[in-house]
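Raw coords.cif, mmCIF, C-alpha atoms:
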```cif
data_upload
loop_
_atom_site.label_atom_id
_atom_site.label_comp_id
_atom_site.auth_asym_id
_atom_site.auth_seq_id
_atom_site.Cartn_x
_atom_site.Cartn_y
_atom_site.Cartn_z
CA MET A 166 16.81 9.76 -17.25
CA LYS A 167 18.30 9.86 -13.75
CA ILE A 168 15.81 9.73 -10.88
CA LEU A 169 16.56 10.73 -7.29
CA LEU A 170 13.99 8.78 -5.27
CA ILE A 171 13.67 9.75 -1.59
CA ASP A 172 11.99 7.13 0.60
CA TYR A 173 12.89 6.90 4.29
CA ASP A 174 11.80 3.25 4.60
CA ALA A 175 12.95 1.81 1.26
CA GLY A 176 13.76 -1.90 1.41
CA THR A 177 14.97 -4.55 -1.02
CA THR A 178 14.22 -8.19 -1.75
CA SER A 179 16.82 -9.37 0.76
CA LEU A 180 16.22 -6.66 3.40
CA GLY A 181 12.43 -6.92 3.19
CA GLY A 182 10.04 -4.21 4.28
CA ASP A 183 8.66 -1.62 1.89
CA THR A 184 10.12 -2.59 -1.52
CA HIS A 185 8.05 -0.11 -3.55
CA ALA A 186 11.01 2.15 -4.44
CA TYR A 187 13.32 -0.78 -5.19
CA ASP A 188 10.74 -2.55 -7.39
CA MET A 189 10.13 0.62 -9.39
CA ALA A 190 13.86 1.26 -9.83
CA ARG A 191 14.35 -2.24 -11.24
CA GLU A 192 11.60 -1.68 -13.79
CA TRP A 193 12.92 1.75 -14.81
CA LYS A 194 16.35 0.21 -15.28
CA LYS A 195 14.87 -1.88 -18.10
CA ASN A 196 13.99 1.41 -19.86
CA GLY A 197 17.51 2.73 -19.46
CA GLY A 198 16.66 4.81 -16.41
CA LYS A 199 19.06 5.19 -13.49
CA THR A 200 17.72 5.54 -9.94
CA LEU A 201 19.44 6.64 -6.77
CA ILE A 202 17.34 5.72 -3.73
CA VAL A 203 17.98 7.90 -0.68
CA THR A 204 16.88 6.09 2.48
CA ALA A 205 17.51 5.71 6.20
CA ASP A 206 20.03 3.08 7.26
CA TYR A 207 17.52 1.89 9.90
CA SER A 208 13.81 1.23 9.39
CA TYR A 209 11.61 -0.81 11.72
CA LEU A 210 9.60 -1.89 8.67
CA ARG A 211 12.46 -3.98 7.28
CA GLN A 212 13.00 -7.59 8.30
CA LYS A 213 16.68 -6.69 8.60
CA ASN A 214 18.79 -3.58 8.04
CA PRO A 215 22.13 -3.33 6.22
CA GLU A 216 24.91 -4.50 8.55
CA LYS A 217 27.60 -2.03 7.47
CA PRO A 218 26.00 0.63 5.27
CA HIS A 219 28.35 3.12 3.65
CA ILE A 220 26.86 6.24 5.24
CA GLY A 221 26.88 9.24 2.92
CA GLN A 222 28.15 7.18 -0.01
CA ILE A 223 26.49 5.62 -3.02
CA ASP A 224 26.20 1.91 -2.46
CA GLU A 225 24.94 -0.89 -4.71
CA GLN A 226 22.18 -3.09 -3.30
CA GLU A 227 21.00 -5.89 -5.58
CA GLY A 228 21.74 -3.90 -8.72
CA ILE A 229 20.25 -0.58 -7.58
CA SER A 230 22.11 2.48 -6.24
CA PHE A 231 21.37 3.47 -2.63
CA LEU A 232 22.46 6.46 -0.59
CA TRP A 233 22.21 5.63 3.12
CA ILE A 234 21.41 8.38 5.63
CA GLN A 235 22.35 7.59 9.25
CA SER A 236 19.18 7.49 11.35
CA PRO A 237 18.50 6.51 14.97
CA VAL A 238 16.92 3.21 15.90
CA ALA A 239 13.16 3.49 16.41
CA THR A 240 10.79 0.67 17.35
CA ASP A 241 7.56 2.27 16.18
CA ARG A 242 6.24 4.92 13.81
CA GLU A 243 5.93 7.74 16.35
CA LYS A 244 9.46 7.30 17.68
CA LYS A 245 10.70 7.14 14.10
CA ILE A 246 9.03 10.43 13.27
CA LEU A 247 10.20 12.17 16.45
CA ARG A 248 13.76 10.87 16.38
CA GLY A 249 14.38 10.37 12.69
CA ALA A 250 13.04 13.47 10.97
CA LEU A 251 15.80 15.95 11.81
CA PRO A 252 18.77 13.54 11.33
CA PHE A 253 17.37 12.50 7.94
CA GLU A 254 16.93 16.10 6.81
CA LYS A 255 20.45 16.96 8.02
CA GLY A 256 21.82 13.90 6.24
CA LEU A 257 20.21 15.00 2.99
CA HIS A 258 21.77 18.43 3.40
CA ARG A 259 25.25 16.97 4.03
CA CYS A 260 24.93 14.69 1.01
CA PHE A 261 23.92 17.47 -1.37
CA PRO A 262 27.36 17.72 -3.05
CA LEU A 263 27.29 13.98 -3.74
CA ILE A 264 23.75 14.21 -5.10
CA ALA A 265 24.66 17.18 -7.28
CA ASP A 266 27.64 15.25 -8.73
CA TRP A 267 25.27 12.38 -9.57
CA GLU A 268 23.27 14.92 -11.67
CA PRO A 269 19.66 13.76 -11.27
CA ASP A 270 17.04 14.94 -13.76
CA VAL A 271 14.13 14.76 -11.33
CA VAL A 272 13.37 14.29 -7.62
CA LEU A 273 10.62 11.86 -6.66
CA LEU A 274 9.51 11.96 -3.02
CA SER A 275 7.79 8.70 -2.10
CA SER A 276 7.59 8.61 1.69
CA ARG A 277 4.74 7.18 3.76
CA HIS A 278 5.54 9.44 6.70
CA LEU A 279 6.66 12.48 4.67
CA LEU A 280 10.13 12.25 6.26
CA GLY A 281 12.59 13.98 3.95
CA SER A 282 9.95 16.24 2.37
CA HIS A 283 11.69 19.53 3.08
CA GLY A 284 15.05 18.13 2.02
CA ALA A 285 13.58 16.83 -1.23
CA ALA A 286 12.10 20.23 -2.04
CA LYS A 287 15.42 21.96 -1.28
CA VAL A 288 17.41 19.56 -3.47
CA ALA A 289 15.01 20.08 -6.40
CA LYS A 290 15.12 23.85 -5.99
CA ARG A 291 18.92 24.07 -5.73
CA LEU A 292 19.43 21.81 -8.76
CA ARG A 293 16.59 23.50 -10.67
CA ILE A 294 14.95 20.19 -11.49
CA PRO A 295 11.28 19.18 -11.07
CA LEU A 296 9.96 17.75 -7.82
CA ILE A 297 7.28 15.05 -8.08
CA PHE A 298 5.32 14.03 -4.99
CA ASP A 299 4.11 10.42 -4.70
CA VAL A 300 1.31 10.46 -2.11
CA ARG A 301 1.03 7.18 -0.25
CA ARG A 302 -1.08 8.36 2.68
CA VAL A 303 -3.64 11.13 3.09
CA TYR A 304 -2.83 13.51 5.94
CA PRO A 305 -4.03 14.58 8.43
CA GLU A 306 -6.98 12.22 7.90
CA HIS A 307 -4.83 9.08 8.23
CA LEU A 308 -3.50 10.14 11.63
CA GLN A 309 -6.93 11.12 12.94
CA GLU A 310 -8.98 8.15 11.74
CA VAL A 311 -6.55 5.23 11.49
CA LEU A 312 -4.23 6.06 14.40
CA GLU A 313 -6.88 8.01 16.36
CA TYR A 314 -4.77 11.09 17.06
CA ALA A 315 -6.65 14.10 18.38
CA PRO A 316 -6.99 17.00 15.92
CA SER A 317 -4.90 19.11 18.30
CA HIS A 318 -1.98 16.64 18.36
CA PHE A 319 1.21 18.30 17.11
CA LEU A 320 1.90 15.52 14.57
CA VAL A 321 -1.52 16.13 13.00
CA GLN A 322 -0.64 19.79 12.59
CA VAL A 323 2.87 19.08 11.27
CA PHE A 324 1.80 16.45 8.75
CA SER A 325 -1.13 18.51 7.53
CA GLN A 326 1.07 21.52 6.85
CA THR A 327 3.83 19.39 5.32
CA GLN A 328 1.52 17.64 2.86
CA LYS A 329 -0.09 20.94 1.93
CA ALA A 330 3.35 22.45 1.30
CA MET A 331 4.40 19.50 -0.86
CA TYR A 332 1.24 19.81 -2.94
CA ARG A 333 2.22 23.41 -3.58
CA LYS A 334 5.94 22.88 -4.24
CA SER A 335 5.62 19.82 -6.48
CA ARG A 336 5.41 20.01 -10.25
CA LYS A 337 3.24 16.88 -10.34
CA VAL A 338 1.46 14.81 -7.70
CA LEU A 339 1.01 11.05 -8.14
CA SER A 340 -1.05 8.61 -6.10
CA ILE A 341 -2.89 5.30 -6.19
CA TYR A 342 -5.85 7.18 -4.68
CA PRO A 343 -7.87 8.02 -7.80
CA LYS A 344 -9.73 11.01 -6.30
CA LEU A 345 -6.77 12.65 -4.56
CA GLY A 346 -7.26 15.77 -6.66
CA GLU A 347 -10.31 16.48 -4.50
CA HIS A 348 -8.13 16.38 -1.37
CA MET A 349 -5.71 18.80 -3.01
CA ALA A 350 -8.61 21.14 -3.75
CA VAL A 351 -9.71 21.00 -0.09
CA LEU A 352 -6.21 22.14 0.89
CA ARG A 353 -6.36 24.85 -1.79
CA ALA A 354 -3.71 23.21 -3.96
CA ASP A 355 -3.95 22.92 -7.74
CA PRO A 356 -5.77 19.64 -8.53
CA GLN A 357 -4.55 19.89 -12.15
CA LYS A 358 -1.16 18.70 -10.91
CA PHE A 359 -2.60 15.32 -9.94
CA VAL A 360 -2.07 12.17 -12.02
CA PRO A 361 -3.51 8.84 -10.78
CA VAL A 362 -1.37 5.71 -11.05
CA PRO A 363 -2.55 2.08 -10.96
CA GLN A 364 -2.53 -0.07 -7.83
CA VAL A 365 -0.45 -3.24 -8.01
CA LEU A 366 0.69 -6.30 -6.12
CA ALA A 367 4.41 -6.09 -5.35
CA PRO A 368 6.69 -8.75 -6.89
CA SER A 369 7.30 -10.07 -3.36
CA PHE A 370 3.81 -11.57 -3.42
CA TRP A 371 4.98 -13.98 -6.13
CA LYS A 372 8.29 -15.16 -4.67
CA GLU A 373 8.87 -18.86 -4.02
CA HIS A 374 7.31 -20.19 -0.83
CA PRO A 375 6.35 -23.43 0.92
CA PHE A 376 2.94 -24.76 -0.06
CA PRO A 377 0.40 -24.42 2.84
CA GLN A 378 -0.75 -28.02 2.54
CA ARG A 379 -1.88 -28.39 6.16
CA HIS A 380 -4.14 -25.35 5.95
CA ILE A 381 -5.56 -26.44 2.60
CA ASP A 382 -6.30 -29.94 3.89
CA PHE A 383 -8.14 -28.38 6.84
CA VAL A 384 -10.35 -26.27 4.57
CA ARG A 385 -11.11 -29.09 2.14
CA ARG A 386 -12.01 -31.46 4.96
CA TYR A 387 -14.90 -29.17 5.93
CA GLN A 388 -15.77 -28.52 2.30
CA GLU A 389 -16.18 -32.24 1.68
CA LYS A 390 -18.76 -32.31 4.50
CA GLY A 391 -20.99 -30.06 2.41
CA ASN A 392 -20.03 -26.68 3.85
CA PHE A 393 -19.87 -23.56 1.71
CA ILE A 394 -16.53 -21.99 2.67
CA CYS A 395 -16.19 -18.23 3.05
CA LEU A 396 -12.57 -17.46 3.87
CA ALA A 397 -10.94 -14.25 5.13
CA GLY A 398 -7.18 -13.91 5.50
CA GLY A 399 -4.42 -11.52 6.53
CA GLU A 400 -3.38 -9.72 9.69
CA VAL A 401 -6.28 -9.92 12.14
CA GLU A 402 -6.69 -6.27 13.02
CA LYS A 403 -9.73 -4.10 13.64
CA ASP A 404 -9.49 -2.45 10.22
CA GLN A 405 -10.20 -5.76 8.47
CA GLU A 406 -13.86 -5.35 9.42
CA LEU A 407 -14.08 -8.94 10.64
CA ASP A 408 -16.64 -7.98 13.29
CA LEU A 409 -19.08 -7.60 10.40
CA LEU A 410 -18.28 -11.14 9.27
CA ILE A 411 -18.98 -12.48 12.78
CA GLU A 412 -22.35 -10.68 12.79
CA ALA A 413 -23.17 -12.30 9.44
CA ALA A 414 -22.12 -15.71 10.75
CA ALA A 415 -24.59 -15.38 13.62
CA LEU A 416 -27.45 -14.96 11.12
CA GLU A 417 -26.30 -17.26 8.28
CA PRO A 418 -27.32 -20.94 7.85
CA ARG A 419 -24.92 -23.37 9.50
CA ASP A 420 -23.84 -24.87 6.15
CA VAL A 421 -21.94 -21.63 5.48
CA LEU A 422 -18.61 -21.97 7.26
CA PHE A 423 -16.52 -18.86 7.93
CA ILE A 424 -12.78 -19.50 8.25
CA LEU A 425 -10.56 -16.68 9.47
CA VAL A 426 -6.86 -17.16 8.68
CA GLY A 427 -4.30 -14.94 10.35
CA ASN A 428 -2.72 -13.64 13.52
CA GLY A 429 -2.95 -10.21 15.06
CA MET A 430 -3.77 -8.20 18.13
CA TYR A 431 -7.49 -8.20 17.39
CA LYS A 432 -7.81 -11.99 17.12
CA PRO A 433 -8.57 -12.58 20.86
CA ASN A 434 -11.44 -10.07 20.64
CA LEU A 435 -13.02 -11.98 17.77
CA LYS A 436 -12.55 -15.31 19.51
CA ARG A 437 -14.30 -14.00 22.61
CA LYS A 438 -17.17 -12.72 20.47
CA VAL A 439 -17.53 -16.10 18.73
CA LYS A 440 -17.43 -17.96 22.06
CA LYS A 441 -19.98 -15.62 23.65
CA ARG A 442 -22.41 -16.24 20.80
CA ALA A 443 -21.61 -19.98 20.72
CA LEU A 444 -21.04 -19.89 16.96
CA SER A 445 -20.07 -23.26 15.51
CA ASN A 446 -19.77 -21.94 11.95
CA VAL A 447 -16.71 -19.74 12.60
CA LEU A 448 -13.25 -21.30 12.72
CA PHE A 449 -9.80 -19.76 13.18
CA LEU A 450 -6.51 -20.79 11.60
CA ASP A 451 -3.00 -19.54 12.23
CA GLY A 452 -1.63 -17.02 9.77
CA VAL A 453 0.37 -17.83 6.66
CA SER A 454 2.54 -15.66 4.44
CA PRO A 455 0.82 -13.50 1.78
CA GLN A 456 2.27 -15.81 -0.89
CA GLN A 457 0.75 -18.85 0.82
CA LEU A 458 -2.51 -16.98 1.27
CA ILE A 459 -3.06 -16.90 -2.49
CA ASP A 460 -2.71 -20.71 -2.56
CA LEU A 461 -5.01 -21.14 0.43
CA TYR A 462 -7.66 -18.84 -1.03
CA GLN A 463 -8.04 -21.25 -3.94
CA ALA A 464 -9.45 -23.90 -1.61
CA ALA A 465 -12.43 -21.69 -0.66
CA ASP A 466 -15.79 -21.11 -2.36
CA CYS A 467 -15.67 -17.34 -1.85
CA LEU A 468 -13.49 -14.78 -0.09
CA TYR A 469 -14.29 -11.88 2.17
CA VAL A 470 -12.42 -8.56 2.27
CA GLY A 471 -13.59 -5.61 4.35
CA LEU A 472 -12.36 -2.03 4.51
CA PRO A 473 -13.38 0.47 7.21
CA PRO A 474 -15.61 3.42 6.27
CA TYR A 475 -12.90 6.01 6.83
CA ARG A 476 -13.92 9.45 5.61
CA TRP A 477 -10.77 9.78 3.55
CA HIS A 478 -11.72 6.68 1.57
CA CYS A 479 -13.74 9.04 -0.61
CA TYR A 480 -10.36 9.82 -2.22
CA GLY A 481 -9.33 6.17 -2.53
CA ALA A 482 -7.83 3.34 -0.51
CA ASP A 483 -4.97 0.88 -0.56
CA ALA A 484 -6.55 -2.07 -2.38
CA THR A 485 -3.68 -4.55 -1.82
CA ARG A 486 -5.87 -6.90 0.23
CA ILE A 487 -8.55 -6.83 -2.45
CA LEU A 488 -6.09 -7.47 -5.29
CA LEU A 489 -4.48 -10.31 -3.32
CA ALA A 490 -7.85 -12.03 -3.00
CA MET A 491 -8.66 -11.43 -6.67
CA ALA A 492 -5.31 -12.93 -7.72
CA SER A 493 -6.43 -16.33 -6.43
CA GLY A 494 -9.19 -16.63 -9.03
CA ILE A 495 -11.91 -17.05 -6.38
CA PRO A 496 -14.99 -14.74 -6.20
CA VAL A 497 -14.73 -11.93 -3.66
CA VAL A 498 -17.35 -10.41 -1.39
CA CYS A 499 -16.02 -6.95 -0.62
CA ALA A 500 -17.54 -4.78 2.12
CA ALA A 501 -16.14 -1.37 1.20
CA ASN A 502 -17.14 1.99 -0.16
CA ILE A 503 -14.18 3.22 -2.20
CA PRO A 504 -13.92 4.79 -5.65
CA GLU A 505 -12.94 2.46 -8.49
CA ASN A 506 -13.20 -0.71 -6.43
CA PRO A 507 -11.30 -3.37 -8.46
CA VAL A 508 -13.90 -6.04 -7.59
CA GLU A 509 -16.55 -3.88 -9.21
CA LYS A 510 -14.35 -2.99 -12.18
CA ALA A 511 -13.45 -6.62 -12.84
CA GLY A 512 -16.92 -8.00 -12.14
CA CYS A 513 -15.38 -10.73 -10.00
CA GLY A 514 -17.66 -10.66 -6.97
CA LYS A 515 -20.12 -8.67 -4.89
CA VAL A 516 -19.56 -5.25 -3.36
CA THR A 517 -21.57 -4.28 -0.29
CA PRO A 518 -21.63 -1.15 1.90
CA PRO A 519 -19.40 -1.32 4.99
CA LYS A 520 -21.17 -2.02 8.30
CA ASP A 521 -24.26 -3.37 6.47
CA VAL A 522 -24.66 -6.93 7.72
CA GLN A 523 -27.90 -7.58 5.81
CA ALA A 524 -26.29 -6.55 2.52
CA LEU A 525 -23.35 -8.85 3.30
CA ILE A 526 -25.66 -11.78 4.06
CA GLN A 527 -27.56 -11.19 0.83
CA ALA A 528 -24.29 -11.16 -1.15
CA LEU A 529 -23.17 -14.40 0.48
CA GLU A 530 -26.51 -16.05 -0.27
CA GLN A 531 -26.26 -14.96 -3.91
CA MET A 532 -22.76 -16.36 -4.08
CA GLN A 533 -23.89 -19.64 -2.53
CA SER A 534 -26.80 -19.98 -4.96
CA MET A 535 -24.49 -19.86 -7.99
CA ASP A 536 -23.24 -23.13 -9.48
CA GLY A 537 -19.56 -24.00 -9.50
CA LYS A 538 -18.97 -22.89 -13.08
CA GLN A 539 -20.51 -19.48 -12.48
CA ARG A 540 -18.30 -18.91 -9.47
CA LYS A 541 -15.28 -20.15 -11.39
CA ASP A 542 -15.94 -17.75 -14.26
CA MET A 543 -16.50 -14.89 -11.85
CA GLY A 544 -13.26 -15.59 -10.00
CA LYS A 545 -11.33 -15.89 -13.26
CA ARG A 546 -12.32 -12.35 -14.19
CA GLY A 547 -10.61 -11.13 -11.03
CA LYS A 548 -7.43 -13.10 -11.71
CA ASP A 549 -7.33 -11.84 -15.31
CA TYR A 550 -7.81 -8.26 -14.09
CA VAL A 551 -4.84 -8.56 -11.70
CA ASN A 552 -2.63 -10.10 -14.39
CA GLN A 553 -3.49 -7.38 -16.90
CA ASN A 554 -3.63 -4.29 -14.66
CA ALA A 555 -1.86 -4.88 -11.37
CA SER A 556 1.72 -5.82 -12.26
CA ILE A 557 4.68 -3.72 -11.15
CA SER A 558 5.67 -3.21 -14.79
CA HIS A 559 2.24 -1.68 -15.46
CA GLN A 560 2.62 0.75 -12.55
CA ALA A 561 6.26 1.58 -13.29
CA ALA A 562 5.33 2.44 -16.88
CA ALA A 563 2.70 4.92 -15.63
CA TYR A 564 5.27 6.58 -13.34
CA TRP A 565 7.85 6.65 -16.15
CA VAL A 566 5.53 8.53 -18.49
CA VAL A 567 4.88 11.23 -15.88
CA LEU A 568 8.56 11.50 -14.92
CA GLN A 569 9.70 11.75 -18.53
CA THR A 570 6.98 14.20 -19.52
CA THR A 571 7.66 16.43 -16.54
CA VAL A 572 11.41 16.51 -17.16
CA ASN A 573 10.85 17.34 -20.84
CA GLN A 574 8.32 20.06 -19.97
CA GLN A 575 10.68 21.69 -17.47
CA SER A 576 13.47 21.68 -20.07
CA GLU A 577 11.12 23.25 -22.61
CA ASP A 578 10.00 25.92 -20.12
CA ARG A 579 13.61 26.75 -19.32
CA LYS A 580 14.45 27.02 -23.02
CA GLN A 581 11.53 29.34 -23.67
CA ALA A 582 12.56 31.51 -20.71
CA LEU A 583 16.08 31.85 -22.15
CA ASP A 584 14.67 32.72 -25.58
CA ARG A 585 12.51 35.46 -24.07
CA SER A 586 15.47 36.94 -22.22
#
```
Transcribe the structure of this file into structure tokens.
Amino acid sequence: MKILLIDYDAGTTSLGGDTHAYDMAREWKKNGGKTLIVTADYSYLRQKNPEKPHIGQIDEQEGISFLWIQSPVATDREKKILRGALPFEKGLHRCFPLIADWEPDVVLLSSRHLLGSHGAAKVAKRLRIPLIFDVRRVYPEHLQEVLEYAPSHFLVQVFSQTQKAMYRKSRKVLSIYPKLGEHMAVLRADPQKFVPVPQVLAPSFWKEHPFPQRHIDFVRRYQEKGNFICLAGGEVEKDQELDLLIEAAALEPRDVLFILVGNGMYKPNLKRKVKKRALSNVLFLDGVSPQQLIDLYQAADCLYVGLPPYRWHCYGADATRILLAMASGIPVVCAANIPENPVEKAGCGKVTPPKDVQALIQALEQMQSMDGKQRKDMGKRGKDYVNQNASISHQAAAYWVVLQTTVNQQSEDRKQALDRS
């Protein structure tokens, strides 16, 4: 099977950035599948961009075929959308003869910002092959709640109409959001098209990395003094719900020590809040890489992960932060209200409602009252769950089944149409 995968921001192991398309292509290659990734030659999400990409030609990058579309430099998401959309669509149109010669069996659109949507639909229609839509963000809700765009903003209108159109034009719709079919129904699309796929941790989370010994020594030094360590890690942004953790720290006994690991724009706000309340049981550490974070998590007694109560979380949420914590084998206290929460499914911690500080305190007290073996067994369930259900091979296999089934069904439908004529 030959898959044309359109992803504006696709990266690779060496380029960095969003490696979702590349990781999937490598897994499908093991099944004999061939993938051509169509992507922009410039993406601000990558750590670096290809120095001399062969624009409009098929190029090999680390064993996977890429088709680079020339796109303008953009330093943020809005500039990328405004400047990059039309050049990318035009590039797809110019490259159609090359794509047709490659003879794909299916088109898979997997774009966070929906760039390339119209081009993907046109390619599928002209080649008379199925179009499959991989939904990675829910629009317009994401723009309104996460990025705080006004409902009247033109991007809200454009993205809403684009996603609705892709629901309609696609043969199948895939997503890690398990209740996305309900969103499709709201937009009057056929929810029967929807197929959920598992959430995973990308292979990049397991690459070789320096051991964060200094950070671990810091945590263990306070642990040896009799403190119960609750650790939260990652980019310190507002959507981590760390304000809730600070509120809990103000009410918790002083032998519970909250350590926040990470850097981000919201960190100064939290530091001011801690200073204003004169909290001695909240400490801050500089950020480490996600790979190092898994090592550091193992030095704690429990972990905290919070997700905001966005309205669109009723359809699902990106659980990467939760899975990363679970992978460490340490119990997780998760303040989130999302369907099919992996902490709940694995039984590896406590789940509390977002914004409910008393529920969070109660969960922390329950965690603290457990003996070491109980916490160890609880954390192990999370690690086992990640190993068994959250590998890229597990996700790629789910995609492969849908891709193969859809291609076979389209061929069968075409055959029956010819027989009738």
Specify as an NGL selection string each residue included when the PyMOL selection byres ((chain A and resi 340-348) around 12) is applied to this file.
:A and (274-277 or 297-306 or 325 or 328-329 or 332 or 337-339 or 349-365 or 476-485 or 503-507 or 555 or 560 or 563-564 or 567)
Kindly extract all protein, DNA and RNA residues lying within 12 Å of the coordinates (-18.8, -10.2, -1.2) given in the file, considering all atoms listed in the file, and supply them as an NGL selection string.
:A and (395-397 or 409-410 or 413 or 466-472 or 487 or 490-491 or 495-501 or 508-509 or 512-519 or 521-533 or 543-544)
Could you list, as a PyMOL selection string, every residue within 12 Å of Gln457 of chain A, counting only C-alpha atoms and ignoring same-chain residues fewer than 2 positions away?
chain A and resi 369-381+398-399+426-427+452-455+459-464+489-490+493
Go through A:Met430, A:Arg211, A:Gly228, A:Leu320 one by one, measure the shortest atom-to-atom distance of each to Glu243 of chain A using only C-alpha atoms, and give the residue with the smallest value.
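When distances to Glu243 of chain A are compared using only C-alpha atoms, the smallest one comes from A:Leu320.
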Nearest to Phe324 of chain A, chosen from A:Ile246, A:Ala492, A:Ala286, A:Leu444, with only C-alpha atoms counted in the distances:
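Among the listed residues, the smallest separation from Phe324 of chain A belongs to A:Ile246.
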Coordinates-based distance that separates atom CA of Asp408 of chain A from atom CA of Ile394 of chain A (Å, one decimal)
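Atom CA of Asp408 of chain A lies 17.6 Å from atom CA of Ile394 of chain A.
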Have a look at A:Ile294, A:Leu435, A:Val421, A:Val401 and name the one nearest to Gln575 of chain A; count only C-alpha atoms.
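Using only C-alpha atoms, the shortest distance to Gln575 of chain A belongs to A:Ile294.
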I'd like the residues picked by the PyMOL selection byres ((chain A and resi 218) around 12) written out as a PyMOL selection string, using the chain letters and numbers from the file.
chain A and resi 204-207+214-217+219-226+231-236
Which one of A:Ser317, A:Ser335, A:Ser208, A:Asn392 sits closest to Val447 of chain A if you count all atoms listed in the file?
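The answer is A:Asn392, which sits nearest to Val447 of chain A.
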To one decimal place in Å, what is the distance between atom CA of Lys432 of chain A and atom CA of Gly391 of chain A?
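If I compute the distance from atom CA of Lys432 of chain A to atom CA of Gly391 of chain A, I get 26.8 Å.
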Interatomic distance between atom CA of Leu568 of chain A and atom CA of Lys287 of chain A?
18.5 Å
Please determine, counting only C-alpha atoms, which residue among A:Val271, A:Leu210, A:Ala367, A:Leu292 has the shortest atom-to-atom distance to Asp241 of chain A.
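Ranked by minimum distance to Asp241 of chain A, first place goes to A:Leu210.
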Box centre and edge lengths (Å, one decimal), axis-aligned, segment 321-338 of chain A plus 8 Å each side, as AutoDock Vina command-line options:
```
--center_x 2.2 --center_y 19.1 --center_z 1.3 --size_x 23.5 --size_y 24.6 --size_z 39.3
```
What does the PyMOL selection byres ((chain A and resi 402) around 7) select in this file, as a VMD selection string?
chain A and resid 400 to 401 403 to 405 429 to 431
Calculated over all atoms listed in the file, which of the candidates A:Arg336, A:Arg259, A:Lys245, A:Lys199 has the smallest distance to Thr570 of chain A?
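Of A:Arg336, A:Arg259, A:Lys245, A:Lys199, the one nearest Thr570 of chain A, counting all atoms listed in the file, is A:Arg336.
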Compile the contact shell of Glu254 of chain A as an mmCIF file with C-alpha atoms, keeping the file's coordinate frame: residues with an atom at most 12 Å away, counting all atoms listed in the file, same-chain residues fewer than 2 positions apart removed.
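File produced: around10.cif:
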```cif
data_model
loop_
_atom_site.group_PDB
_atom_site.id
_atom_site.type_symbol
_atom_site.label_atom_id
_atom_site.label_comp_id
_atom_site.auth_asym_id
_atom_site.auth_seq_id
_atom_site.Cartn_x
_atom_site.Cartn_y
_atom_site.Cartn_z
ATOM 1 C CA ILE A 171 13.670 9.750 -1.590
ATOM 2 C CA ASP A 172 11.990 7.130 0.600
ATOM 3 C CA TYR A 173 12.890 6.900 4.290
ATOM 4 C CA VAL A 203 17.980 7.900 -0.680
ATOM 5 C CA THR A 204 16.880 6.090 2.480
ATOM 6 C CA ALA A 205 17.510 5.710 6.200
ATOM 7 C CA ILE A 234 21.410 8.380 5.630
ATOM 8 C CA GLN A 235 22.350 7.590 9.250
ATOM 9 C CA SER A 236 19.180 7.490 11.350
ATOM 10 C CA ILE A 246 9.030 10.430 13.270
ATOM 11 C CA ARG A 248 13.760 10.870 16.380
ATOM 12 C CA GLY A 249 14.380 10.370 12.690
ATOM 13 C CA ALA A 250 13.040 13.470 10.970
ATOM 14 C CA LEU A 251 15.800 15.950 11.810
ATOM 15 C CA PRO A 252 18.770 13.540 11.330
ATOM 16 C CA GLY A 256 21.820 13.900 6.240
ATOM 17 C CA LEU A 257 20.210 15.000 2.990
ATOM 18 C CA HIS A 258 21.770 18.430 3.400
ATOM 19 C CA ARG A 259 25.250 16.970 4.030
ATOM 20 C CA CYS A 260 24.930 14.690 1.010
ATOM 21 C CA PHE A 261 23.920 17.470 -1.370
ATOM 22 C CA LEU A 279 6.660 12.480 4.670
ATOM 23 C CA LEU A 280 10.130 12.250 6.260
ATOM 24 C CA GLY A 281 12.590 13.980 3.950
ATOM 25 C CA SER A 282 9.950 16.240 2.370
ATOM 26 C CA HIS A 283 11.690 19.530 3.080
ATOM 27 C CA GLY A 284 15.050 18.130 2.020
ATOM 28 C CA ALA A 285 13.580 16.830 -1.230
ATOM 29 C CA ALA A 286 12.100 20.230 -2.040
ATOM 30 C CA LYS A 287 15.420 21.960 -1.280
ATOM 31 C CA VAL A 288 17.410 19.560 -3.470
#
```
Just want the 8 Å neighbourhood of segment 309-311 of chain A, counted on all atoms listed in the file, with same-chain residues fewer than 5 positions away dropped. Output as a PyMOL selection string.
chain A and resi 316+321+475-476
